[in-house]
Amino acid sequence: MRMRKKKNLIPRMAACGDLLVTDPASLRGTWRQHFEKSGKLYLEIGCGKGQFAVGTAARCPDDLLVAVEKTPDVLLLAMEKARDAGLENLRFIGTDAATLGDAFAPDEVSRIYLNFSDPWPPKNRAKRRLTHPNFLRVYDGILCPGGEIRMKTDNRALFEFSLC
């Protein structure tokens, strides 16, 4: 189901502006230092409305969590949830997962979360799945040694595709 356009999107995004990183490439290799977090850097790709990101950031205050969402109307809801929770270790970027290699340096990310990603069911759209080999190469380029990808799905076809 598509998200409805949010009224006053621009001013509402501006009210959460300190949580949105508009130029993630400028922080490449310095995310933790920039936000003064000594712990690990986690990445959630496709954060949706932000429930998982907000909960994880609240449980891990020494770590930095960067939530990625390319749909502005959905990103807004996640940012408002994080702002209302008063979290200082959660940031958002509005971009496509294919560009993450520009935003993060090799070995910078400790863990990537893929929670209930869009399964893109037609075979001709497999390249859009976040577990497609093209995306996995991007993740491999930014994950540190021993880093991991944690995936949750309720779609059997996406799960089986992801195992290959």
# chains A, B, ... in the order shown; residues from 1 in each chain; ligands from 1
$ residues_around --residues "region 39-51 of chain A" --least-positions-apart "6" --cutoff "9 Å" --atoms "only C-alpha atoms" --output "MDAnalysis selection string"
chainID A and resid 31:32 60:71 74:82 96:97 108:118 130
$ atom_distance --atom1 "CA of Thr22 (chain A)" --atom2 "CA of Pro145 (chain A)"
27.8 Å
$ residues_around --residues "Asp73 (chain A)" --least-positions-apart "5" --cutoff "9 Å" --atoms "only C-alpha atoms" --output "JSON list (two decimals) with N, CA and C atoms, in the first residue's frame"
[["chain", "number", "residue", "atom", "x", "y", "z"],
["A", 3, "MET", "N", 2.04, 5.07, 0.67],
["A", 3, "MET", "CA", 1.89, 6.07, 1.72],
["A", 3, "MET", "C", 1.28, 7.32, 1.12],
["A", 4, "ARG", "N", 0.34, 7.89, 1.81],
["A", 4, "ARG", "CA", -0.25, 9.16, 1.36],
["A", 4, "ARG", "C", 0.77, 10.27, 1.53],
["A", 5, "LYS", "N", 0.67, 11.25, 0.67],
["A", 5, "LYS", "CA", 1.53, 12.43, 0.78],
["A", 5, "LYS", "C", 1.24, 13.13, 2.11],
["A", 6, "LYS", "N", 2.28, 13.53, 2.79],
["A", 6, "LYS", "CA", 2.14, 14.20, 4.07],
["A", 6, "LYS", "C", 1.95, 15.70, 3.88],
["A", 9, "LEU", "N", 5.00, 18.68, 4.41],
["A", 9, "LEU", "CA", 6.19, 17.83, 4.44],
["A", 9, "LEU", "C", 7.46, 18.64, 4.68]]
$ closest_residue --among "A:Arg83, A:Ser162, A:Leu20, A:Phe52" --to "Ile149 (chain A)" --atoms "only C-alpha atoms"
A:Ser162
$ select_by_dssp --residues "region 81-154 of chain A" --states "strand (DSSP E or B)" --output "MDAnalysis selection string"
chainID A and resid 90:93 109:115 143:152
$ write_last_selection --atoms "N, CA and C atoms" --output "PDB file, in the first residue's frame"
ATOM      1  N   LEU A  90      20.793   8.557  16.768  1.00  0.00           N
ATOM      2  CA  LEU A  90      20.078   8.092  15.577  1.00  0.00           C
ATOM      3  C   LEU A  90      20.058   9.216  14.546  1.00  0.00           C
ATOM      4  N   ARG A  91      20.477   8.875  13.337  1.00  0.00           N
ATOM      5  CA  ARG A  91      20.456   9.824  12.224  1.00  0.00           C
ATOM      6  C   ARG A  91      19.788   9.148  11.034  1.00  0.00           C
ATOM      7  N   PHE A  92      19.322   9.964  10.110  1.00  0.00           N
ATOM      8  CA  PHE A  92      18.597   9.471   8.941  1.00  0.00           C
ATOM      9  C   PHE A  92      19.235  10.003   7.671  1.00  0.00           C
ATOM     10  N   ILE A  93      19.211   9.170   6.647  1.00  0.00           N
ATOM     11  CA  ILE A  93      19.582   9.635   5.318  1.00  0.00           C
ATOM     12  C   ILE A  93      18.502   9.180   4.347  1.00  0.00           C
ATOM     13  N   VAL A 109      30.964   0.085   8.915  1.00  0.00           N
ATOM     14  CA  VAL A 109      29.679  -0.352   9.457  1.00  0.00           C
ATOM     15  C   VAL A 109      29.838  -1.723  10.112  1.00  0.00           C
ATOM     16  N   SER A 110      29.310  -1.871  11.315  1.00  0.00           N
ATOM     17  CA  SER A 110      29.402  -3.139  12.040  1.00  0.00           C
ATOM     18  C   SER A 110      28.256  -4.092  11.734  1.00  0.00           C
ATOM     19  N   ARG A 111      27.087  -3.530  11.484  1.00  0.00           N
ATOM     20  CA  ARG A 111      25.921  -4.387  11.247  1.00  0.00           C
ATOM     21  C   ARG A 111      24.934  -3.659  10.349  1.00  0.00           C
ATOM     22  N   ILE A 112      24.304  -4.427   9.460  1.00  0.00           N
ATOM     23  CA  ILE A 112      23.254  -3.906   8.581  1.00  0.00           C
ATOM     24  C   ILE A 112      21.975  -4.678   8.879  1.00  0.00           C
ATOM     25  N   TYR A 113      20.900  -3.938   9.071  1.00  0.00           N
ATOM     26  CA  TYR A 113      19.589  -4.533   9.297  1.00  0.00           C
ATOM     27  C   TYR A 113      18.738  -4.355   8.046  1.00  0.00           C
ATOM     28  N   LEU A 114      18.118  -5.445   7.624  1.00  0.00           N
ATOM     29  CA  LEU A 114      17.136  -5.434   6.531  1.00  0.00           C
ATOM     30  C   LEU A 114      15.848  -6.017   7.108  1.00  0.00           C
ATOM     31  N   ASN A 115      14.942  -5.181   7.509  1.00  0.00           N
ATOM     32  CA  ASN A 115      13.733  -5.629   8.189  1.00  0.00           C
ATOM     33  C   ASN A 115      12.516  -5.529   7.277  1.00  0.00           C
ATOM     34  N   LEU A 143      31.009  -3.055   5.240  1.00  0.00           N
ATOM     35  CA  LEU A 143      31.007  -3.820   6.487  1.00  0.00           C
ATOM     36  C   LEU A 143      32.425  -4.075   6.977  1.00  0.00           C
ATOM     37  N   CYS A 144      32.612  -3.992   8.283  1.00  0.00           N
ATOM     38  CA  CYS A 144      33.921  -4.283   8.864  1.00  0.00           C
ATOM     39  C   CYS A 144      34.118  -5.800   8.917  1.00  0.00           C
ATOM     40  N   PRO A 145      35.351  -6.259   9.106  1.00  0.00           N
ATOM     41  CA  PRO A 145      35.576  -7.697   9.263  1.00  0.00           C
ATOM     42  C   PRO A 145      34.751  -8.220  10.442  1.00  0.00           C
ATOM     43  N   GLY A 146      34.045  -9.293  10.224  1.00  0.00           N
ATOM     44  CA  GLY A 146      33.159  -9.833  11.249  1.00  0.00           C
ATOM     45  C   GLY A 146      31.803  -9.153  11.286  1.00  0.00           C
ATOM     46  N   GLY A 147      31.604  -8.143  10.424  1.00  0.00           N
ATOM     47  CA  GLY A 147      30.318  -7.461  10.354  1.00  0.00           C
ATOM     48  C   GLY A 147      29.245  -8.407   9.856  1.00  0.00           C
ATOM     49  N   GLU A 148      28.024  -8.043  10.078  1.00  0.00           N
ATOM     50  CA  GLU A 148      26.949  -8.954   9.719  1.00  0.00           C
ATOM     51  C   GLU A 148      25.752  -8.217   9.136  1.00  0.00           C
ATOM     52  N   ILE A 149      24.969  -8.995   8.406  1.00  0.00           N
ATOM     53  CA  ILE A 149      23.695  -8.523   7.882  1.00  0.00           C
ATOM     54  C   ILE A 149      22.620  -9.335   8.594  1.00  0.00           C
ATOM     55  N   ARG A 150      21.693  -8.643   9.206  1.00  0.00           N
ATOM     56  CA  ARG A 150      20.564  -9.304   9.863  1.00  0.00           C
ATOM     57  C   ARG A 150      19.302  -8.974   9.079  1.00  0.00           C
ATOM     58  N   MET A 151      18.652 -10.023   8.640  1.00  0.00           N
ATOM     59  CA  MET A 151      17.478  -9.857   7.790  1.00  0.00           C
ATOM     60  C   MET A 151      16.269 -10.508   8.450  1.00  0.00           C
ATOM     61  N   LYS A 152      15.150  -9.804   8.404  1.00  0.00           N
ATOM     62  CA  LYS A 152      13.868 -10.361   8.841  1.00  0.00           C
ATOM     63  C   LYS A 152      12.915 -10.242   7.675  1.00  0.00           C
TER      64      LYS A 152
END
$ select_by_dssp --residues "chain A" --states "alpha helix (DSSP H)" --output "ChimeraX atom specification"
/A:9-15,31-34,51-59,72-85,100-103,133-142,156-163
$ closest_residue --among "A:Leu136, A:Leu27, A:Ile10, A:Cys16" --to "Ala105 (chain A)" --atoms "only C-alpha atoms"
A:Leu27
$ residues_around --residues "Leu87 (chain A)" --least-positions-apart "5" --cutoff "8 Å" --atoms "only C-alpha atoms" --output "PDB file with N, CA, C and O atoms, in the first residue's frame"
ATOM      1  N   VAL A  54      14.205   3.448  16.179  1.00  0.00           N
ATOM      2  CA  VAL A  54      14.039   4.163  17.445  1.00  0.00           C
ATOM      3  C   VAL A  54      14.266   3.212  18.623  1.00  0.00           C
ATOM      4  O   VAL A  54      14.975   3.544  19.579  1.00  0.00           O
ATOM      5  N   ALA A  57      18.079   2.290  18.796  1.00  0.00           N
ATOM      6  CA  ALA A  57      18.871   3.431  19.274  1.00  0.00           C
ATOM      7  C   ALA A  57      18.659   3.644  20.768  1.00  0.00           C
ATOM      8  O   ALA A  57      19.602   3.982  21.492  1.00  0.00           O
ATOM      9  N   ALA A  58      17.453   3.445  21.260  1.00  0.00           N
ATOM     10  CA  ALA A  58      17.181   3.611  22.688  1.00  0.00           C
ATOM     11  C   ALA A  58      17.889   2.541  23.517  1.00  0.00           C
ATOM     12  O   ALA A  58      18.381   2.822  24.614  1.00  0.00           O
ATOM     13  N   ALA A  82      11.719   9.649  16.153  1.00  0.00           N
ATOM     14  CA  ALA A  82      13.030   9.759  16.800  1.00  0.00           C
ATOM     15  C   ALA A  82      13.153  11.079  17.554  1.00  0.00           C
ATOM     16  O   ALA A  82      13.678  11.119  18.675  1.00  0.00           O
TER      17      ALA A  82
END
$ closest_residue --among "A:Asp84, A:Asp107, A:Asp140, A:Asp18" --to "Thr30 (chain A)" --atoms "only C-alpha atoms"
A:Asp107
$ closest_residue --among "A:Asp102, A:Gly141, A:Met13, A:Asn89" --to "His34 (chain A)" --atoms "only C-alpha atoms"
A:Asn89
$ closest_residue --among "A:Pro121, A:Glu160, A:Phe104, A:Val138" --to "Ser26 (chain A)" --atoms "only C-alpha atoms"
A:Phe104
